[in-house]
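The next block is protein-v3.cif, given as mmCIF, C-alpha atoms.
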data_structure
loop_
_atom_site.label_atom_id
_atom_site.label_comp_id
_atom_site.auth_asym_id
_atom_site.auth_seq_id
_atom_site.Cartn_x
_atom_site.Cartn_y
_atom_site.Cartn_z
CA MET P 1 -2.61 350.54 28.70
CA THR P 2 -3.24 348.68 31.94
CA ARG P 3 -6.81 348.85 33.18
CA ILE P 4 -7.61 348.36 36.83
CA PRO P 5 -10.42 345.82 36.18
CA GLU P 6 -7.66 343.47 34.96
CA PHE P 7 -6.64 343.11 38.61
CA GLY P 8 -9.61 340.78 39.19
CA ARG P 9 -10.69 340.60 42.80
CA PHE P 10 -7.95 343.08 43.70
CA ALA P 11 -9.37 345.76 41.36
CA GLU P 12 -11.27 347.60 44.08
CA PRO P 13 -8.40 347.57 46.62
CA ALA P 14 -6.03 348.69 43.84
CA LEU P 15 -8.27 351.63 42.99
CA LEU P 16 -8.52 352.61 46.66
CA ILE P 17 -4.73 352.45 47.00
CA LEU P 18 -4.23 354.65 43.92
CA VAL P 19 -6.70 357.19 45.31
CA SER P 20 -4.88 357.15 48.64
CA LEU P 21 -1.50 357.68 46.96
CA SER P 22 -2.86 360.48 44.77
CA GLU P 23 -2.32 362.94 47.63
CA GLY P 24 1.31 361.90 48.16
CA PRO P 25 3.61 358.97 49.03
CA LYS P 26 2.54 356.65 51.85
CA HIS P 27 3.79 353.41 53.37
CA GLY P 28 1.63 350.33 53.76
CA TYR P 29 0.23 351.05 57.21
CA ALA P 30 -0.62 354.66 56.27
CA ILE P 31 -2.42 353.43 53.13
CA MET P 32 -4.44 350.94 55.18
CA THR P 33 -5.54 353.48 57.76
CA ASP P 34 -6.27 356.08 55.07
CA VAL P 35 -8.41 353.65 53.07
CA GLU P 36 -10.23 352.45 56.17
CA ALA P 37 -10.90 356.00 57.32
CA GLY P 38 -12.01 357.24 53.91
CA TYR P 39 -13.92 354.20 52.73
CA GLY P 40 -15.26 352.90 56.04
CA ARG P 41 -14.31 349.29 55.34
CA PRO P 42 -11.28 347.38 56.58
CA MET P 43 -8.58 346.35 54.13
CA GLY P 44 -6.63 343.28 55.22
CA PRO P 45 -2.83 343.39 55.12
CA GLY P 46 -2.73 340.46 52.70
CA THR P 47 -5.09 342.18 50.29
CA LEU P 48 -3.12 345.43 50.60
CA TYR P 49 0.16 343.81 49.60
CA ALA P 50 -1.39 341.65 46.88
CA ALA P 51 -2.76 344.83 45.30
CA LEU P 52 0.48 346.76 45.89
CA ALA P 53 2.49 344.01 44.17
CA ARG P 54 0.19 344.09 41.13
CA LEU P 55 0.28 347.89 40.93
CA GLU P 56 4.06 347.94 41.18
CA GLU P 57 4.42 345.15 38.62
CA ARG P 58 2.31 347.14 36.14
CA GLY P 59 4.28 350.33 36.81
CA LEU P 60 1.34 352.25 38.29
CA ILE P 61 3.18 352.87 41.57
CA GLU P 62 6.82 352.80 42.57
CA ALA P 63 8.61 352.05 45.81
CA LEU P 64 10.78 354.64 47.51
CA GLU P 65 13.69 354.06 49.89
CA PRO P 66 12.51 352.43 53.14
CA VAL P 67 12.53 354.34 56.40
CA ASP P 68 12.76 352.13 59.51
CA ARG P 69 11.55 349.06 57.58
CA ARG P 70 8.56 351.05 56.30
CA ARG P 71 8.71 351.47 52.54
CA PRO P 72 6.69 354.34 51.08
CA TYR P 73 5.04 354.06 47.66
CA ARG P 74 4.12 356.81 45.25
CA LEU P 75 1.98 357.11 42.16
CA THR P 76 3.84 357.08 38.82
CA ALA P 77 2.84 359.24 35.87
CA VAL P 78 1.26 356.19 34.22
CA GLY P 79 -0.55 355.41 37.46
CA ALA P 80 -1.94 358.95 37.64
CA THR P 81 -3.22 358.69 34.06
CA VAL P 82 -4.82 355.29 34.66
CA LEU P 83 -6.42 356.53 37.87
CA GLU P 84 -7.82 359.62 36.18
CA GLU P 85 -9.30 357.55 33.34
CA GLN P 86 -10.76 355.07 35.77
CA LEU P 87 -12.35 357.77 37.92
CA GLN P 88 -13.80 359.48 34.83
CA ASP P 89 -15.28 356.15 33.70
CA LEU P 90 -16.81 355.65 37.13
CA ALA P 91 -18.13 359.22 37.19
CA GLY P 92 -19.74 358.73 33.76
CA PHE P 93 -21.26 355.45 34.90
CA ALA P 94 -22.57 357.09 38.08
CA ARG P 95 -24.13 359.94 36.05
CA LEU P 96 -25.83 357.47 33.71
CA GLY P 97 -27.15 355.44 36.62
CA LEU P 98 -28.50 358.51 38.41
CA GLN P 99 -30.17 359.77 35.22
CA ARG P 100 -31.93 356.46 34.69
CA LEU P 101 -32.92 356.20 38.33
CA ARG P 102 -34.39 359.71 38.34
CA GLY P 103 -36.13 358.99 35.03
CA SER P 104 -37.77 355.87 36.41
CA LEU P 105 -38.83 357.67 39.60
CA GLY P 106 -40.04 360.83 37.90
CA MET E 1 3.00 334.56 64.71
CA THR E 2 4.00 337.48 62.47
CA ARG E 3 7.08 335.69 61.18
CA PHE E 4 5.08 332.53 60.56
CA LEU E 5 2.54 334.46 58.47
CA VAL E 6 5.29 336.06 56.39
CA ARG E 7 6.80 332.63 55.75
CA LEU E 8 3.56 331.48 54.16
CA TYR E 9 4.53 333.58 51.13
CA PRO E 10 6.95 332.34 48.44
CA THR E 11 10.64 333.07 48.94
CA ARG E 12 10.78 335.60 46.11
CA TRP E 13 7.85 337.52 47.58
CA GLN E 14 9.46 337.47 51.03
CA ALA E 15 12.70 338.84 49.61
CA ARG E 16 10.86 341.80 48.09
CA TYR E 17 8.09 342.57 50.57
CA GLY E 18 8.83 340.45 53.66
CA ASP E 19 10.57 343.07 55.79
CA GLU E 20 8.07 345.87 55.27
CA PHE E 21 5.14 343.44 55.50
CA GLU E 22 6.42 342.14 58.84
CA ALA E 23 6.82 345.74 60.06
CA LEU E 24 3.23 346.44 59.02
CA LEU E 25 1.93 343.40 60.89
CA GLU E 26 3.81 344.47 64.01
CA GLU E 27 2.12 347.87 63.92
CA ARG E 28 -1.40 346.66 64.60
CA PRO E 29 -3.07 343.80 66.46
CA LEU E 30 -4.03 340.95 64.17
CA GLY E 31 -7.57 339.59 64.25
CA PRO E 32 -9.00 336.45 62.64
CA PHE E 33 -10.02 338.51 59.58
CA ASP E 34 -6.42 339.65 59.08
CA VAL E 35 -5.01 336.13 59.47
CA ALA E 36 -7.53 334.68 56.99
CA ASP E 37 -6.80 337.55 54.60
CA ILE E 38 -3.05 336.89 54.81
CA VAL E 39 -3.44 333.12 54.32
CA LEU E 40 -5.60 333.64 51.21
CA SER E 41 -3.21 336.24 49.82
CA ALA E 42 -0.23 333.95 50.46
CA ILE E 43 -1.97 331.21 48.46
CA ASP E 44 -2.62 333.76 45.72
CA ALA E 45 1.06 334.78 45.75
CA ARG E 46 2.11 331.13 45.45
CA ILE E 47 -0.09 330.35 42.44
CA ARG E 48 0.29 333.71 40.73
CA PRO E 49 3.13 333.86 38.21
CA HIS E 50 5.78 336.56 38.55
CA GLY E 51 8.53 338.11 36.48
CA SER E 52 9.16 338.63 32.83
CA ALA E 53 7.66 335.28 31.84
CA ALA E 54 4.30 336.70 32.93
CA ALA E 55 4.62 339.81 30.78
CA ASN E 56 1.31 339.54 28.94
CA ASP E 57 -2.15 338.58 30.02
CA HIS E 58 -2.34 335.45 27.85
CA THR E 59 0.91 334.11 29.24
CA ARG E 60 -0.20 335.02 32.73
CA GLY E 61 -3.45 333.10 32.23
CA VAL E 62 -1.68 330.01 30.89
CA LEU E 63 0.77 330.04 33.79
CA MET E 64 -2.00 330.44 36.33
CA THR E 65 -3.92 327.50 34.83
CA LEU E 66 -0.77 325.37 34.83
CA ARG E 67 -0.04 326.20 38.44
CA ILE E 68 -3.58 325.42 39.59
CA GLY E 69 -3.52 322.19 37.57
CA GLY E 70 -0.08 321.35 38.95
CA ALA E 71 -1.13 321.93 42.54
CA ALA E 72 -4.26 319.83 41.98
CA ALA E 73 -2.12 317.03 40.49
CA VAL E 74 0.16 316.99 43.54
CA VAL E 75 -2.78 317.06 45.97
CA GLY E 76 -4.71 314.46 43.96
CA GLY E 77 -1.74 312.10 43.68
CA VAL E 78 -1.00 312.27 47.40
CA LEU E 79 -4.66 311.88 48.42
CA TRP E 80 -5.04 308.97 46.02
CA LEU E 81 -2.16 307.09 47.64
CA VAL E 82 -3.10 308.03 51.21
CA SER E 83 -6.75 307.00 50.77
CA LEU E 84 -5.90 303.64 49.17
CA ALA E 85 -3.17 302.90 51.71
CA GLY E 86 -5.42 303.99 54.57
CA ALA E 87 -8.32 301.85 53.35
CA SER E 88 -6.10 298.77 53.10
CA VAL E 89 -4.52 299.23 56.55
CA ILE E 90 -7.42 300.60 58.63
CA GLN E 91 -10.71 299.14 57.51
CA GLY E 92 -13.61 300.91 59.18
CA PRO E 93 -17.14 299.48 59.20
CA ASP E 94 -18.32 301.68 56.36
CA GLY E 95 -15.03 302.56 54.69
CA GLN E 96 -14.88 306.03 56.25
CA PRO E 97 -13.03 308.32 55.95
CA TRP E 98 -11.12 306.80 53.06
CA GLN E 99 -13.96 306.86 50.53
CA ALA E 100 -14.54 310.58 51.05
CA LEU E 101 -10.79 311.19 50.78
CA PHE E 102 -10.76 309.13 47.61
CA ILE E 103 -13.55 311.18 46.07
CA LEU E 104 -11.53 314.31 46.91
CA ALA E 105 -8.57 312.73 45.12
CA LEU E 106 -10.74 312.07 42.06
CA ALA E 107 -11.97 315.68 42.07
CA ALA E 108 -8.41 317.03 42.40
CA LEU E 109 -7.17 314.83 39.55
CA LEU E 110 -10.03 316.04 37.34
CA VAL E 111 -8.98 319.64 38.06
CA ALA E 112 -5.39 318.62 37.28
CA MET E 113 -6.35 317.11 33.91
CA ILE E 114 -8.25 320.23 32.91
CA GLY E 115 -5.49 322.56 34.16
CA LEU E 116 -2.66 320.64 32.51
CA SER E 117 -4.47 319.98 29.24
CA ALA E 118 -3.31 323.19 27.49
CA ASP E 119 -0.54 321.56 25.45
CA PRO E 120 -1.91 318.04 24.98
CA GLY E 121 -5.33 319.51 24.22
CA ARG E 122 -3.99 321.51 21.30
CA GLN E 123 -2.22 318.53 19.77
CA GLN E 124 -4.51 315.64 20.76
CA PRO E 125 -7.94 317.22 21.32
CA GLY E 126 -9.91 313.98 20.87
CA LEU E 127 -7.69 311.98 23.20
CA VAL E 128 -7.71 314.69 25.88
CA TRP E 129 -11.49 315.10 25.71
CA ALA E 130 -11.84 311.35 26.21
CA ALA E 131 -9.28 311.43 29.05
CA VAL E 132 -11.33 314.06 30.88
CA ALA E 133 -14.81 312.77 30.02
CA ILE E 134 -14.23 309.18 31.17
CA PRO E 135 -13.19 310.13 34.75
CA ILE E 136 -16.06 312.66 35.01
CA VAL E 137 -18.52 309.86 34.25
CA GLY E 138 -16.54 307.65 36.64
CA ALA E 139 -16.74 310.21 39.45
CA ALA E 140 -20.52 310.32 39.02
CA ILE E 141 -20.66 306.51 39.14
CA SER E 142 -18.50 306.51 42.29
CA ALA E 143 -20.85 309.01 43.93
CA VAL E 144 -23.78 306.69 43.14
CA GLY E 145 -21.81 303.81 44.65
CA MET E 146 -21.14 305.78 47.85
CA LEU E 147 -24.83 306.64 48.05
CA GLY E 148 -25.58 302.93 47.71
CA MET E 149 -23.19 302.04 50.53
CA ALA E 150 -25.01 304.47 52.80
CA VAL E 151 -28.43 303.10 51.81
CA VAL E 152 -28.07 299.33 51.35
CA GLY E 153 -24.57 298.51 52.65
CA ASP E 154 -23.18 295.46 50.82
CA ALA E 155 -26.51 294.31 49.34
CA PRO E 156 -27.09 294.39 45.57
CA PHE E 157 -27.88 297.94 44.64
CA LEU E 158 -28.05 298.62 40.91
CA LEU E 159 -28.40 296.10 38.05
CA GLY E 160 -27.36 293.38 40.48
CA ALA E 161 -24.05 295.08 41.30
CA SER E 162 -23.06 295.93 44.87
CA PRO E 163 -22.31 299.55 45.83
CA TRP E 164 -18.64 298.56 46.21
CA GLU E 165 -18.51 297.30 42.62
CA ILE E 166 -20.19 300.46 41.38
CA TRP E 167 -17.82 302.63 43.41
CA ILE E 168 -14.70 300.94 42.12
CA LEU E 169 -15.87 301.51 38.53
CA GLY E 170 -15.14 305.20 39.15
CA THR E 171 -11.59 304.32 40.15
CA ILE E 172 -11.11 302.23 37.05
CA ALA E 173 -12.45 305.11 34.93
CA MET E 174 -9.98 307.52 36.56
CA ILE E 175 -7.06 305.18 35.84
CA ILE E 176 -8.10 304.71 32.23
CA GLY E 177 -8.60 308.47 31.82
CA SER E 178 -5.24 309.22 33.43
CA GLY E 179 -3.53 306.71 31.16
CA LEU E 180 -5.06 308.36 28.08
CA PHE E 181 -4.08 311.80 29.41
CA ALA E 182 -0.51 310.63 29.97
CA LEU E 183 -0.35 309.22 26.43
CA ALA E 184 -1.54 312.56 25.04
CA SER E 185 0.98 314.38 27.25
CA LEU E 186 3.84 312.24 25.96
CA ARG E 187 3.37 313.74 22.51
CA ALA E 188 3.26 317.31 23.82
CA ARG E 189 6.43 319.28 24.42
CA GLY E 190 6.83 321.16 27.68
CA VAL E 191 5.23 318.47 29.86
CA SER E 192 7.43 316.21 31.96
CA ARG E 193 7.90 313.07 29.88
CA ALA E 194 9.22 311.16 32.88
CA GLY E 195 6.06 311.98 34.85
CA ALA E 196 3.84 310.99 31.93
CA ILE E 197 5.73 307.68 31.44
CA LEU E 198 5.44 306.92 35.16
CA LEU E 199 1.71 307.61 34.95
CA VAL E 200 1.25 305.28 31.97
CA ILE E 201 3.21 302.52 33.72
CA GLY E 202 1.18 303.01 36.88
CA ALA E 203 -2.13 302.91 35.03
CA VAL E 204 -1.25 299.75 33.11
CA ALA E 205 0.03 297.98 36.23
CA ALA E 206 -2.82 299.01 38.55
CA LEU E 207 -5.78 298.23 36.32
CA PRO E 208 -5.62 294.40 36.60
CA LEU E 209 -5.68 294.64 40.42
CA LEU E 210 -8.77 296.83 40.44
CA PHE E 211 -10.60 294.65 37.93
CA GLY E 212 -9.58 291.60 39.96
CA VAL E 213 -10.73 293.08 43.27
CA ALA E 214 -14.07 294.11 41.85
CA TYR E 215 -15.02 291.24 39.60
CA SER E 216 -13.08 288.10 40.62
CA ASP E 217 -11.08 286.63 43.47
CA GLY E 218 -8.21 288.98 42.72
CA PRO E 219 -4.72 288.47 41.31
CA GLY E 220 -2.09 286.21 42.84
CA ASP E 221 0.76 287.38 45.05
CA ALA E 222 3.04 288.42 42.20
CA GLY E 223 0.19 290.23 40.49
CA SER E 224 -0.67 292.04 43.70
CA ILE E 225 2.90 293.29 44.17
CA ILE E 226 3.03 294.56 40.58
CA ALA E 227 -0.35 296.22 40.99
CA LEU E 228 0.63 297.87 44.27
CA LEU E 229 3.78 299.21 42.64
CA GLY E 230 1.54 300.41 39.83
CA ILE E 231 -0.66 302.34 42.26
CA VAL E 232 2.42 303.99 43.77
CA ALA E 233 3.74 304.78 40.27
CA PHE E 234 0.34 306.18 39.32
CA ALA E 235 0.34 308.56 42.29
CA GLY E 236 4.01 309.40 41.74
CA GLY E 237 3.35 310.16 38.06
CA TRP E 238 0.66 312.68 38.92
CA VAL E 239 2.83 314.31 41.60
CA TRP E 240 5.75 314.50 39.15
CA LEU E 241 3.59 316.06 36.44
CA GLY E 242 2.20 318.50 39.00
CA ILE E 243 5.58 319.63 40.27
CA SER E 244 6.91 320.08 36.74
CA ALA E 245 3.86 322.23 35.86
CA ILE E 246 4.24 324.37 38.99
CA ARG E 247 7.89 324.95 38.14
CA THR E 248 7.24 325.76 34.48
CA ASP E 249 7.83 329.51 34.70
CA ARG E 250 11.11 328.93 36.54
CA SER E 251 12.49 326.49 34.00
CA GLY E 252 11.57 328.40 30.87
CA GLY E 253 9.13 325.72 29.80
CA LEU E 254 6.55 328.36 29.00
CA ALA E 255 8.60 329.59 26.09
CA GLN E 256 8.25 326.14 24.56
CA ARG E 257 4.51 326.16 25.20
CA GLU E 258 4.06 329.58 23.64
CA ALA E 259 6.05 328.52 20.59
CA LEU E 260 3.69 325.65 19.85
CA PRO E 261 1.51 325.96 16.75
#
Can you dump the structure from the file as structure tokens?
Amino acid sequence: MTRIPEFGRFAEPALLILVSLSEGPKHGYAIMTDVEAGYGRPMGPGTLYAALARLEERGLIEALEPVDRRRPYRLTAVGATVLEEQLQDLAGFARLGLQRLRGSLG
Amino acid sequence: MTRFLVRLYPTRWQARYGDEFEALLEERPLGPFDVADIVLSAIDARIRPHGSAAANDHTRGVLMTLRIGGAAAVVGGVLWLVSLAGASVIQGPDGQPWQALFILALAALLVAMIGLSADPGRQQPGLVWAAVAIPIVGAAISAVGMLGMAVVGDAPFLLGASPWEIWILGTIAMIIGSGLFALASLRARGVSRAGAILLVIGAVAALPLLFGVAYSDGPGDAGSIIALLGIVAFAGGWVWLGISAIRTDRSGGLAQREALP
């Protein structure tokens, strides 16, 4: 199965896009503003579409019919599974890190 | 501005994403960060393979290497010709900026050799290692020669040789290395044979001129014409090889590469 780290330097943007789409379909501009609002860091339009193209190519998202030149994207079933696995991995890693940090401090 | 930025992307990408991407760019003011981000992503889209030929990660990696090597070959070949032509037409007091341009050409051609060595390297590993190692040593020698030009000018610099003579040794090493690389490429399927043949012809024809310029009074008129044609053929051979590598995934050449033992 596709793993997000395989996206190289677009792994982090890809993960942020998947998280954004997990609450429902969005077009490019809505994804950008959602990511910037939720993450606090700007995502360039070039990076957004480079990550979108990779996600679509791997079948993790799919394009819907465009509305006024804006094309919404939505998470596929495979994309939802990959996102869940990735978030669980990150949560496990965060728990391990916090345990070690608290151990070294305490 | 928006339309120009979209046109930086390859045609296939524009056909798929161009309209919605342009709409996105029209929705918000573009800053320098956005423009730089788009330019870098457009470069990424141009060197990144697409479609069914890039179905697995190994294939994708090979294609990416070929494209980078191909682009470096085109850039290196053009810079090589421009720097030599520029140096012969406009001779500055210290050879600038042609020497720096020439070193860039050497660096690009080294990247090209490494990037395009996938097939020849599997079939002729010894020859390809030699083809890459000789120009690397030559590039280092050229850098020493350039340093000498800055420090002592035309005076003897190292082992009685002038910086110019030391510098041109790097050029000779690159031509010899390129010739060996082209010979190895001729035996590999999937690489443009015409480009490799042109490169061999160019290397053989250009070498006498460079040896003559550096270590004697130079060749006669007929020899000079042949050598100049050789230099053009040398640059053309690299550009040809580069373009054929960049176009590999469009022509189905990758299937041949993947089928190799």
Q | Best match for closeness to E:Ile136 among E:Pro208, E:Pro97, E:Gly170, E:Gly179, counting all atoms listed in the file | A |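 Among E:Pro208, E:Pro97, E:Gly170, E:Gly179, it is E:Gly170 that comes nearest to E:Ile136.
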Dump as a tab-separated table the rows for residues of chain P within 10 Å of chain E: closest atom pair and distance in Å with one decimal, all atoms listed in the file counted, ordered by chain and rising residue number.
residue	atom	partner	partner_atom	distance
P:Glu6	CA	E:Asp57	CA	8.9
P:His27	CA	E:Glu20	CA	8.9
P:Gly28	CA	E:Leu24	CA	6.7
P:Tyr29	CA	E:Leu24	CA	5.8
P:Ala30	CA	E:Leu24	CA	9.5
P:Met32	CA	E:Leu24	CA	9.7
P:Pro42	CA	E:Phe33	CA	9.4
P:Met43	CA	E:Asp34	CA	8.6
P:Gly44	CA	E:Asp34	CA	5.3
P:Pro45	CA	E:Ile38	CA	6.5
P:Gly46	CA	E:Ile38	CA	4.2
P:Thr47	CA	E:Ser41	CA	6.2
P:Leu48	CA	E:Ser41	CA	9.2
P:Tyr49	CA	E:Phe21	CA	7.7
P:Ala50	CA	E:Ser41	CA	6.4
P:Ala51	CA	E:Ser41	CA	9.7
P:Leu52	CA	E:Tyr17	CA	9.9
P:Ala53	CA	E:Tyr17	CA	8.6
P:Arg54	CA	E:His50	CA	9.7
P:Glu57	CA	E:Gly51	CA	8.4
P:Arg58	CA	E:Ala55	CA	9.4
P:Pro66	CA	E:Glu20	CA	8.2
P:Val67	CA	E:Glu20	CA	9.6
P:Asp68	CA	E:Ala23	CA	8.7
P:Arg69	CA	E:Glu20	CA	5.3
P:Arg70	CA	E:Glu20	CA	5.3
P:Arg71	CA	E:Glu20	CA	6.3
P:Pro72	CA	E:Glu20	CA	9.5
**Q.** For atom CA of E:Ala133 and atom CA of E:Ala150, the interatomic separation in Å (one decimal)
**A.**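 Between these atoms lies a distance of 26.3 Å.
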(Q) As an exercise, work out the distance from atom CA of E:Val239 to atom CA of E:Ala87 in Å and give it to one decimal place. (A)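 Value for the atom CA of E:Val239-atom CA of E:Ala87 distance: 20.4 Å.
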Q: Name the closest residue to P:Leu55 among the candidates P:Pro25, P:Val35, P:Leu105, P:Phe7; distances are taken between atoms, counting only C-alpha atoms.
A: P:Phe7
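Taking atom CA of E:Gly242 as the reference point, atom CA of E:Gly69 is found at 7.0 Å.
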Q. For the file shown, what are the residues hit by the PyMOL selection byres ((chain E and resi 140-146) around 9), laid out as number ranges by chain?
A. E: 99-100, 103, 135-139, 147-151, 157-158, 162-171
Would you write out those residues with C-alpha atoms, as a compact mmCIF listing (two decimals), in the coordinates of the input?
# COMPACT_ATOMS: atom_id res chain seq x y z
CA GLN E 99 -13.96 306.86 50.53
CA ALA E 100 -14.54 310.58 51.05
CA ILE E 103 -13.55 311.18 46.07
CA PRO E 135 -13.19 310.13 34.75
CA ILE E 136 -16.06 312.66 35.01
CA VAL E 137 -18.52 309.86 34.25
CA GLY E 138 -16.54 307.65 36.64
CA ALA E 139 -16.74 310.21 39.45
CA LEU E 147 -24.83 306.64 48.05
CA GLY E 148 -25.58 302.93 47.71
CA MET E 149 -23.19 302.04 50.53
CA ALA E 150 -25.01 304.47 52.80
CA VAL E 151 -28.43 303.10 51.81
CA PHE E 157 -27.88 297.94 44.64
CA LEU E 158 -28.05 298.62 40.91
CA SER E 162 -23.06 295.93 44.87
CA PRO E 163 -22.31 299.55 45.83
CA TRP E 164 -18.64 298.56 46.21
CA GLU E 165 -18.51 297.30 42.62
CA ILE E 166 -20.19 300.46 41.38
CA TRP E 167 -17.82 302.63 43.41
CA ILE E 168 -14.70 300.94 42.12
CA LEU E 169 -15.87 301.51 38.53
CA GLY E 170 -15.14 305.20 39.15
CA THR E 171 -11.59 304.32 40.15
Q: Kindly resolve the PyMOL selection byres ((chain E and resi 193-205) around 10) on the present coordinates and return the residues as a VMD selection string.
A: chain E and resid 172 174 to 192 206 to 210 223 to 244
Q: Mind checking which residues fall within 9 Å of P:Gly59, counting all atoms listed in the file, ignoring those fewer than 3 positions away in the same chain, and posting them as a list in words?
A: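 That gives Arg54, Leu55, Glu56, Glu62, Leu75, Thr76, Val78 and Gly79 of chain P.
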